[in-house]
Amino acid sequence: MPRRQDIESILVIGSGPIVIGQACEFDYSGTQACRVLREEGFRVVLVNSNPATIMTDPDFADATYVEPITTEFLERVIAKERPDAVLATLGGQTALNAAIKLDEAGILEKYGVELIGASVEAIQRGENREEFKDICLALDVPGGPPEVAKSFICHSMEEVLTAADTLGFPVVVRPSFTMGGVGSGFAHDADELRQIAGAGLSASPVTEVLIEESILGWKEFELELMRDTADNVVVVCSIENFDPMGVHTGDSITVAPAMTLTDREYQRMRDVGIAIIRAVGVDTGGCNIQFAIEPDTGRMIVIEMNPRVSRSSALASKATGFPIAKIAAKVAVGYTLDEITNDITQVTPAAFEPVIDYVIVKVPRFAFEKFPAADSTLTTHMKSVGEVMAIGRNFTEALGKALRSMEDASAPFDYAAPAERSVTDLLTDAARPHDGRIRLVMQALQQGATTKQVYEATKIDPWFIHQLELLRDLAVEVADAPELTAEVLRKAKKHGYSDSQIAQLRNHSTDVIRGVRWALGIRPVFKSVDTCAAEFEARTPYMYSSYDEETEVPSREKPAVLILGSGPNRIGQGIEFDYSCVHATMALREAGYEAVMVNCNPETVSTDYDTSDRLYFEPLTAEDVLEIYHAELKAGPVVGVICQLGGQTPLKLAQTLKDAGVPILGTSPEAINLAEERGAFGRLLSRAGLPAPKHGMASSFAEAKAIAAEIGYPVLVRPSYVLGGRGMEIVYDDAALERYISNATEVTEDSPVLVDRFLDDAVEIDVDALYDGEELFLGGVMEHIEEAGVHSGDSACSLPPITLGDAVVEHIREATHLIADGVGVRGLLNIQFALHADTVYVLEANPRASRTVPFVSKAKGIQLAKAAARIMLGESIQDLRDSGLLPAEGDGSTTRPGAPVAVKEAVMPFNRFRTSTGAFVDTVLGPEMRSTGEVMGLADNFGTAYAKAWAASGGPLPTSGTVFVSVANRHKRHALWPIKRLADLGFKLMATSGTASVLRRNGVEVTEVHKLSEREDGDTAPTIVELISSGDIDLVFNTPQGSNVDGASPREDGYLIRTAAVLADVPCVTTVPGLAAAVQGIEALRRGGLEVQSLQEWAAAAR
Amino acid sequence: MSSQPAILVLEDGRVFRGRSFGAAGEAFGELVFSTGMSGYQELLTDPSYHKQVALTTAPHVGNTGWNDEDDESSRIWVAGFVVRDPAPRPSNWRSKGSLDAELARQGVVGIADVDTRALTRHIREAGAMRVGISTTDLDEKSLLAKVLQQPSMEGADLTGEVTIDEAYVIPARGEKKYTVAVLDLGIKSMSLSRLSELGIEQHVLPATASWADVEATNPDGVFFSNGPGDPAAATGPIAVLKNVLENRIPYFGICLGNQLFGHALGFGTYKLKFGHRGLNVPVKDLATGKVEITAQNHGFAVDAPIGEHVETPYGTAEVSHVCLNDDVVEGLELRRDGRRVGFSVQYHPEAAAGPHDSTHLFDRFVEMLAANAGKEA
């Protein structure tokens, strides 16, 4: 069946901000969908509040709404655009839930909009566990219907406890309709059950949890399926989890294809999967289904399905070369699979099942170091913030590549330094699923653990354990070989050993091993990902390395540029950097270069083979990048490598690559070092006459104390190399300083601690700029809402700046120019300034693309990353102005009439992390970045834009009701005005005693409420925590009392208040400027008339 | 696992070096590749692979070991086995031993640790060809000379080598509904199993059976199985099939049974460059437009016009199925008076290994038997 002719315009719903469980894989799927639908001639209307996405580039839709994904805003967009259909299966759970809400509110019917892809009924059948279970049990498949885990649906705690009695502990708790398994977990006894199920009931929008028999330790599998309107169904990929049941699949190491199934067992799974997609009634598109298999008997159980494109489908797409989202979009508008051509072969149809002749290993990346108080045990509740994928011709090669892709020195196996612990000890620890368990398993094997012992402790399938044993034995072979012969070296490389692992085993430097390897001619070859195991010729150069015989790199004429991506998503380095890399790719292709992308993150748009001319799905290490460079040099001319767009990951490689003779494009490694080396950068600033906060460097507490005494408290302390503010803290006295130094893992001469004067109450300003060696182009000047001291990634900000005067902006421009010139920037530069008592201080300069590049680009309609790429290749800003890539006049600091005020707000993952006792971690903002994503609000005034940003990030702000305030003493003075304003607006105020007395003295009517610690025996009045939990509070304003943001020792009361707010989903503001901005937002909401406007309309208005 | 060196030499002189896997010794045959990611036990025991050296493109092989249930015949038939990465040890609840040990036990020579993808690409470009694997003669030239002495697959009549010696009967499972004469040209046990579970009593005959032998079973229908070799050389079974059609007995054929049906209907067959071998091949049923994912294993194909009705002495023949990858004929159908009286498919609806999308063809056979019985009654 060809394309449907009865629809003309389609509303695509995106997935909103990056949160744990829903990351940039939905930008990848949404971007593909938008691209396909436009190619098919549909008018595409897009709603997504996340500015860091490629899909929200105005080129990808006809009308792009960076607006909150809520029923209210979606209705406004629908009323304005009147689309014929809504496609919600490509925007994750967010889009799916939004579509269901639109349907429930009668909006789809009211405007005559058809839901395509999956109907509301199908979504509900797939997601409602009870209904899904019944469907499974009634399936007509050869061999009879599949089994499901025995379970009970419960709507109350009594029902939960009864169910557990029947099933016996442990039981699994699964709330209905939550994303990424929020609120689910294993309960081993009644106490745990009350805790987990209680949270689950409140997390579920329908107050429903499933209590299920435990299948902990079973083998876990997933199938990715695709169906078209003619009822053709194909299985795109099978995935097997290395970590058995009990760990969320997003937190598991996973492998494709499935490794330990015979054909009979696999086909049974396939039969059931196909029957499920049909019975649930996913009309068109993708779905994923999870299965568990009892290892000793083969008893198979269906676990769940997602009636939409998922994170696993992104992985499956990258793993096989079969672009699930793209095909899903095509079948959603009427095509059948046999009418769609396989992109890669260009001769065969998409109606087939990909086969792969390599092994895929995905490893999740966690951020527990950001939440030291959080329990790191992996459960059915997803906690990872990113992932890497690696491709090898066997499991060991893929695993080795994946672990070194993690960009975590402790991730790869340390064969040379076995643990000095007993097998029992190691296996006891390995029995608890947690990040890094695989290394404990390796250590246990090195200490002599048997396959059986490891299996019994971990339930990891013996097949995988055998592979680890192979690696262990190989380590002995490499270490004991009298000479490092070509044979031994080749064998080690075939099993994924890196040069540095071999170097450690041989007591040599990595350079020596690399030299020997090259001298022996042992280099990887590059094979194609082609969907068909070489049966047909691949037309799309999607490559991976392997130590095998024959290479497939096609030769080329055009000069190539290698763009190094940003690796796994983590807090502080995520989708924003991928955005810049993708833009550079586009710009280079337009300029006639062959854009060669290198990255290892399967969630991204950059690793879509459609994005670049050539894609190398490879680890971002010096070894791997040098081999790619070598291979590409043999294929044709290579201009150089771009390292400054993918964040710290590629930046850290720049010097090594340059030393190895690789041309680095743009800002030189020396210039990068200059900006990062404090002493040199400090001298540069003083030469240029630019003030910076006083600072020093200490390698002991005594030194730090002396520095603090000289520059004065408060001071900001941090390790010398930081990403996303890791390990940063503001300390107010010697005691806190001492505690920080003694807690810091490594403080040595080589890795000292930086001690900076902290500017209390300063306004922080962020600048992104382009520099070509002569002209400076300010991309945007952003004013932070929260004061300096809150990490810029966690702080909301406004563009244009809302309170800065022209003179300050002019001063910032001059300072930026001086720094850009002094450092030697060619391309992008990000500087953070602080405005304190009328002085502009330089906090830091990063000669690279920053996290804010996409926000600035979208807010200003200027393509900064594209321009940067062209500058790196030698064009001047004037050239780019002439060619129209940059505006002919002015720059990002120029405010055009009709241009919007853009507000960026960070989205925090606090509801994901709990301490080992089950309490949430603290929510106070600090110098350590902890947000996972961001949203943008656009309006013609700050208040409305800020209110939209709140709504988009999960808010919204209340327009009436009760506000609870509890303010630290040092904040009381500044907090008074915004609180008073809330009272004037009619809010009822509640406060703790200290805050209440200050307010009363200022004539504000307030009800006093007890903190938990103030409660006396016999006191029956509810405490503030109880009031928040019972829904009596609409907004919490609480600033932290102490000085330390260490989540492990929360300042009890404030902590309890804030976590209660997170649990009850009550908006919680923790800074005074944040409250002031929120008041403006509330005022805007009360004025009403929140309009929606597309980026295209904003651009037209501002012209 | 052996660390003995092994060598693979193709008839065009290309050489790959690896290590011994399974039995030591020498093996020769036609090198073909299969892209299935599962089902090596079924592949190895499929008689259609007789005289062929099979290469599996799956990255790992032997993961699930060897079990007592999944054999498709009484022995391993492949002449040799080429893999990249064998599992050190198997892991599966049904496993009774390792693949390596089973290959060794049955004397099947294999080679591991070769760039199977490079070999596959070579075969894709140059076509299936003769090959030799050796763990004993590691001299390229000497092995090449031996490879060049091997017979070619074209013109090879091999069904006699894989069939049974004596006819036997498999009773219907449950109530007996029909009697079918089954010509074992290298049949897989899953075909027998599928037929018997539909209430068919099977009289399994050797490939050398005559029309009289078939007729003597008084069949309601006739089934020709898959099998090895060049279909054009299987002149005996083709003659028998013509008799079957002349006598208006309903016919169902799989794989070689499809090619022989083609010959009986007057079409030719030809050798594909490298064949279709895998578990992921899309086939379109031209009557319904439905796409099925099929298991395939064929090096020859029927040369028949797609979309045309061809009159034959037995009725009107047409191509019923095509492969979406390359438009190769994947099924034939014969109608008389508008009624289906015979059909065959080039792929494997019994699907062991492979997807079950086409299992319904066995039901189609039973429906045809029912319709024919009804007409006679």
# chains A, B, ... in the order shown; residues from 1 in each chain; ligands from 1

call {"tool": "interface_residues", "arguments": {"of": "chain B", "to": "chain A", "cutoff": "8 Å", "atoms": "only C-alpha atoms", "output": "PyMOL selection string"}}
result
chain B and resi 35-39+57-60+63-64+85+87-93+115+117-118+120-121+124+280-282+290-293+324-326+352-356

call {"tool": "write_last_selection", "arguments": {"atoms": "C-alpha atoms", "output": "tab-separated table (two decimals), in the first residue's frame"}}
result
chain	number	residue	atom	x	y	z
B	35	THR	CA	23.65	-16.23	7.20
B	36	GLY	CA	21.46	-17.84	9.86
B	37	MET	CA	22.34	-16.65	13.34
B	38	SER	CA	20.92	-19.77	15.01
B	39	GLY	CA	20.39	-23.41	14.16
B	57	THR	CA	28.44	-16.03	9.08
B	58	ALA	CA	27.27	-16.05	12.71
B	59	PRO	CA	30.07	-14.59	14.82
B	60	HIS	CA	29.98	-17.36	17.39
B	63	ASN	CA	27.26	-21.69	22.07
B	64	THR	CA	24.41	-24.06	22.78
B	85	ASP	CA	34.77	-18.09	16.71
B	87	ALA	CA	32.49	-21.19	21.94
B	88	PRO	CA	35.06	-22.45	24.44
B	89	ARG	CA	32.31	-24.48	26.10
B	90	PRO	CA	28.57	-24.75	25.46
B	91	SER	CA	25.87	-23.38	27.71
B	92	ASN	CA	22.28	-24.49	27.33
B	93	TRP	CA	20.00	-26.59	29.48
B	115	ASP	CA	37.82	-14.17	8.32
B	117	ARG	CA	33.21	-12.22	6.28
B	118	ALA	CA	36.05	-11.91	3.78
B	120	THR	CA	31.58	-14.58	2.25
B	121	ARG	CA	32.31	-11.43	0.28
B	124	ARG	CA	29.35	-13.24	-3.16
B	280	ASN	CA	15.78	-14.22	6.97
B	281	VAL	CA	14.74	-14.30	3.33
B	282	PRO	CA	11.62	-12.31	2.41
B	290	LYS	CA	1.80	-11.16	2.11
B	291	VAL	CA	5.47	-11.28	2.92
B	292	GLU	CA	6.87	-14.19	4.84
B	293	ILE	CA	10.31	-14.48	6.34
B	324	LEU	CA	11.92	-9.98	-2.68
B	325	ASN	CA	15.68	-9.66	-2.57
B	326	ASP	CA	16.31	-10.73	-6.15
B	352	ALA	CA	14.21	-26.23	11.22
B	353	ALA	CA	16.10	-24.06	11.60
B	354	GLY	CA	14.20	-20.90	10.81
B	355	PRO	CA	11.05	-18.87	11.25
B	356	HIS	CA	7.62	-20.47	11.27

call {"tool": "residues_around", "arguments": {"residues": "B:Arg336", "least_positions_apart": "4", "cutoff": "9 Å", "atoms": "only C-alpha atoms", "output": "compact mmCIF listing (two decimals) with C-alpha atoms, in the first residue's frame"}}
result
# COMPACT_ATOMS: atom_id res chain seq x y z
CA TYR B 314 -1.17 -31.36 -16.33
CA GLY B 315 -2.91 -28.03 -16.04
CA THR B 316 -2.04 -24.34 -15.76
CA ALA B 317 1.18 -23.56 -13.98
CA ARG B 340 -5.02 -26.07 -6.90
CA VAL B 341 -3.76 -29.56 -7.58

call {"tool": "atom_distance", "arguments": {"atom1": "atom CA of A:Arg82", "atom2": "atom CA of A:Val45"}}
result
9.6 Å

call {"tool": "select_by_dssp", "arguments": {"residues": "stretch 211-288 of chain A", "states": "strand (DSSP E)", "output": "list in words"}}
result
Ile211, Glu212, Glu213, Lys219, Glu220, Phe221, Glu222, Leu223, Glu224, Leu225, Met226, Arg227, Val233, Val234, Val235, Val236, Cys237, Ser238, Ile239, Glu240, Asn241, Thr254, Val255, Ala256, Gly285, Gly286, Cys287 and Asn288 of chain A

call {"tool": "write_last_selection", "arguments": {"atoms": "C-alpha atoms", "output": "PDB file, in the first residue's frame"}}
result
ATOM      1  CA  ILE A 211       2.860  -7.547  42.498  1.00  0.00           C
ATOM      2  CA  GLU A 212       4.590 -10.363  40.718  1.00  0.00           C
ATOM      3  CA  GLU A 213       6.436 -13.645  41.381  1.00  0.00           C
ATOM      4  CA  LYS A 219      18.129 -15.171  31.624  1.00  0.00           C
ATOM      5  CA  GLU A 220      16.727 -11.996  30.054  1.00  0.00           C
ATOM      6  CA  PHE A 221      16.067 -11.361  26.374  1.00  0.00           C
ATOM      7  CA  GLU A 222      14.476  -8.713  24.220  1.00  0.00           C
ATOM      8  CA  LEU A 223      13.058  -8.754  20.726  1.00  0.00           C
ATOM      9  CA  GLU A 224      12.584  -5.687  18.552  1.00  0.00           C
ATOM     10  CA  LEU A 225       9.693  -6.093  16.142  1.00  0.00           C
ATOM     11  CA  MET A 226       8.210  -4.104  13.291  1.00  0.00           C
ATOM     12  CA  ARG A 227       4.766  -4.374  11.751  1.00  0.00           C
ATOM     13  CA  VAL A 233       5.897  -8.554  10.896  1.00  0.00           C
ATOM     14  CA  VAL A 234       9.657  -8.844  11.134  1.00  0.00           C
ATOM     15  CA  VAL A 235      12.021  -9.242  14.046  1.00  0.00           C
ATOM     16  CA  VAL A 236      14.733  -6.655  13.696  1.00  0.00           C
ATOM     17  CA  CYS A 237      17.026  -7.764  16.466  1.00  0.00           C
ATOM     18  CA  SER A 238      17.365 -10.080  19.417  1.00  0.00           C
ATOM     19  CA  ILE A 239      19.195  -8.883  22.488  1.00  0.00           C
ATOM     20  CA  GLU A 240      20.476 -10.931  25.411  1.00  0.00           C
ATOM     21  CA  ASN A 241      21.314  -9.420  28.769  1.00  0.00           C
ATOM     22  CA  THR A 254      23.466  -6.295  26.827  1.00  0.00           C
ATOM     23  CA  VAL A 255      24.588  -8.294  23.840  1.00  0.00           C
ATOM     24  CA  ALA A 256      23.227  -8.746  20.329  1.00  0.00           C
ATOM     25  CA  GLY A 285       5.702   0.563  13.696  1.00  0.00           C
ATOM     26  CA  GLY A 286       8.007  -0.870  16.247  1.00  0.00           C
ATOM     27  CA  CYS A 287       7.635  -2.458  19.604  1.00  0.00           C
ATOM     28  CA  ASN A 288       9.907  -4.266  21.968  1.00  0.00           C
TER      29      ASN A 288
END

call {"tool": "residues_around", "arguments": {"residues": "stretch 85-97 of chain A", "least_positions_apart": "5", "cutoff": "9 Å", "atoms": "only C-alpha atoms", "output": "PyMOL selection string"}}
result
chain A and resi 7-16+22+25-27+29-30+33+69+102+108+112-118+120+123+177-180+285-286+306-311+325+328-329+332

call {"tool": "residues_around", "arguments": {"residues": "B:Thr136", "least_positions_apart": "6", "cutoff": "12 Å", "atoms": "only C-alpha atoms", "output": "compact mmCIF listing (two decimals) with C-alpha atoms, in the first residue's frame"}}
result
# COMPACT_ATOMS: atom_id res chain seq x y z
CA GLN B 4 46.39 -27.10 15.42
CA PRO B 5 46.79 -25.01 12.30
CA ALA B 6 44.40 -25.56 9.42
CA ILE B 7 44.20 -24.20 5.92
CA LEU B 8 41.42 -23.44 3.49
CA ARG B 19 43.00 -23.53 13.20
CA SER B 20 41.50 -26.97 13.32
CA ALA B 23 37.97 -33.63 13.26
CA ALA B 24 41.48 -33.44 11.88
CA GLY B 25 42.00 -34.39 8.25
CA GLU B 26 40.99 -33.10 4.87
CA ALA B 27 37.63 -32.19 3.43
CA VAL B 109 36.64 -31.53 9.42
CA SER B 142 49.22 -29.30 -2.98
CA LEU B 143 45.81 -28.66 -1.49

call {"tool": "closest_residue", "arguments": {"among": "B:Gly299, B:Gly278, B:Pro47, B:Gly268", "to": "B:Ser225", "atoms": "only C-alpha atoms"}}
result
B:Pro47

call {"tool": "closest_residue", "arguments": {"among": "A:Leu770, A:Leu46, A:Val36, A:Glu729", "to": "A:Lys326", "atoms": "only C-alpha atoms"}}
result
A:Val36

call {"tool": "residues_around", "arguments": {"residues": "stretch 251-255 of chain B", "least_positions_apart": "3", "cutoff": "8 Å", "atoms": "only C-alpha atoms", "output": "list in words"}}
result
Gly221, Val222, Phe223, Phe224, Ser225, Asn226, Gly227, Val244, Leu245, Asn258, Gln259, Phe261, Asn297, His298, Val341, Gly342, Phe343, Ser344, Val345, Gln346, Tyr347, His348, Pro349 and Phe365 of chain B

call {"tool": "write_last_selection", "arguments": {"atoms": "C-alpha atoms", "output": "tab-separated table (two decimals), in the first residue's frame"}}
result
chain	number	residue	atom	x	y	z
B	221	GLY	CA	-1.01	-37.19	-2.23
B	222	VAL	CA	2.68	-37.16	-2.98
B	223	PHE	CA	5.39	-35.16	-1.24
B	224	PHE	CA	8.92	-34.59	-2.56
B	225	SER	CA	11.44	-33.39	-0.03
B	226	ASN	CA	14.47	-31.16	-0.14
B	227	GLY	CA	17.77	-32.65	-1.15
B	244	VAL	CA	2.16	-38.48	-10.34
B	245	LEU	CA	0.83	-35.46	-12.18
B	258	ASN	CA	10.13	-27.40	-6.08
B	259	GLN	CA	12.90	-27.64	-8.65
B	261	PHE	CA	8.20	-29.84	-9.98
B	297	ASN	CA	19.00	-23.31	1.47
B	298	HIS	CA	19.25	-23.59	-2.28
B	341	VAL	CA	-3.76	-29.56	-7.58
B	342	GLY	CA	-0.08	-29.22	-6.92
B	343	PHE	CA	2.27	-26.68	-5.39
B	344	SER	CA	5.80	-26.38	-4.22
B	345	VAL	CA	8.08	-23.87	-2.57
B	346	GLN	CA	11.77	-23.33	-2.90
B	347	TYR	CA	12.15	-22.46	0.76
B	348	HIS	CA	11.59	-24.40	3.96
B	349	PRO	CA	8.14	-24.15	5.55
B	365	PHE	CA	-1.44	-29.38	1.44

call {"tool": "residues_around", "arguments": {"residues": "B:Tyr168", "least_positions_apart": "6", "cutoff": "9 Å", "atoms": "only C-alpha atoms", "output": "ChimeraX atom specification"}}
result
/B:202-205

call {"tool": "select_by_dssp", "arguments": {"residues": "stretch 847-1018 of chain A", "states": "alpha helix (DSSP H)", "output": "PyMOL selection string"}}
result
chain A and resi 853-860+864-872+877-883+942-952+972-984+993-1001

call {"tool": "residues_around", "arguments": {"residues": "B:Leu272", "least_positions_apart": "6", "cutoff": "10 Å", "atoms": "only C-alpha atoms", "output": "ChimeraX atom specification"}}
result
/B:127-128,298-302,328

call {"tool": "write_last_selection", "arguments": {"atoms": "N, CA and C atoms", "output": "mmCIF file, in the first residue's frame"}}
result
data_model
loop_
_atom_site.group_PDB
_atom_site.id
_atom_site.type_symbol
_atom_site.label_atom_id
_atom_site.label_comp_id
_atom_site.auth_asym_id
_atom_site.auth_seq_id
_atom_site.Cartn_x
_atom_site.Cartn_y
_atom_site.Cartn_z
ATOM 1 N N GLY B 127 31.172 -16.182 -6.724
ATOM 2 C CA GLY B 127 30.256 -17.316 -6.849
ATOM 3 C C GLY B 127 30.730 -18.490 -6.011
ATOM 4 N N ALA B 128 29.761 -19.388 -5.732
ATOM 5 C CA ALA B 128 30.104 -20.588 -4.960
ATOM 6 C C ALA B 128 31.143 -21.368 -5.749
ATOM 7 N N HIS B 298 19.222 -23.051 -0.916
ATOM 8 C CA HIS B 298 19.250 -23.589 -2.276
ATOM 9 C C HIS B 298 20.294 -22.885 -3.139
ATOM 10 N N GLY B 299 20.915 -23.691 -3.985
ATOM 11 C CA GLY B 299 21.936 -23.167 -4.886
ATOM 12 C C GLY B 299 21.434 -23.114 -6.327
ATOM 13 N N PHE B 300 20.299 -23.804 -6.565
ATOM 14 C CA PHE B 300 19.704 -23.786 -7.898
ATOM 15 C C PHE B 300 18.317 -23.152 -7.806
ATOM 16 N N ALA B 301 17.805 -22.684 -8.920
ATOM 17 C CA ALA B 301 16.473 -22.086 -8.910
ATOM 18 C C ALA B 301 15.738 -22.444 -10.186
ATOM 19 N N VAL B 302 14.415 -22.339 -10.120
ATOM 20 C CA VAL B 302 13.570 -22.646 -11.276
ATOM 21 C C VAL B 302 13.519 -21.425 -12.195
ATOM 22 N N VAL B 328 13.968 -14.112 -7.487
ATOM 23 C CA VAL B 328 14.112 -15.522 -7.828
ATOM 24 C C VAL B 328 12.778 -16.233 -7.543
#

call {"tool": "atom_distance", "arguments": {"atom1": "atom CA of A:Glu387", "atom2": "atom CA of A:Cys600"}}
result
8.6 Å

call {"tool": "closest_residue", "arguments": {"among": "A:Ala79, A:Ala949, A:Ala475, A:Lys658", "to": "A:His495", "atoms": "only C-alpha atoms"}}
result
A:Ala475
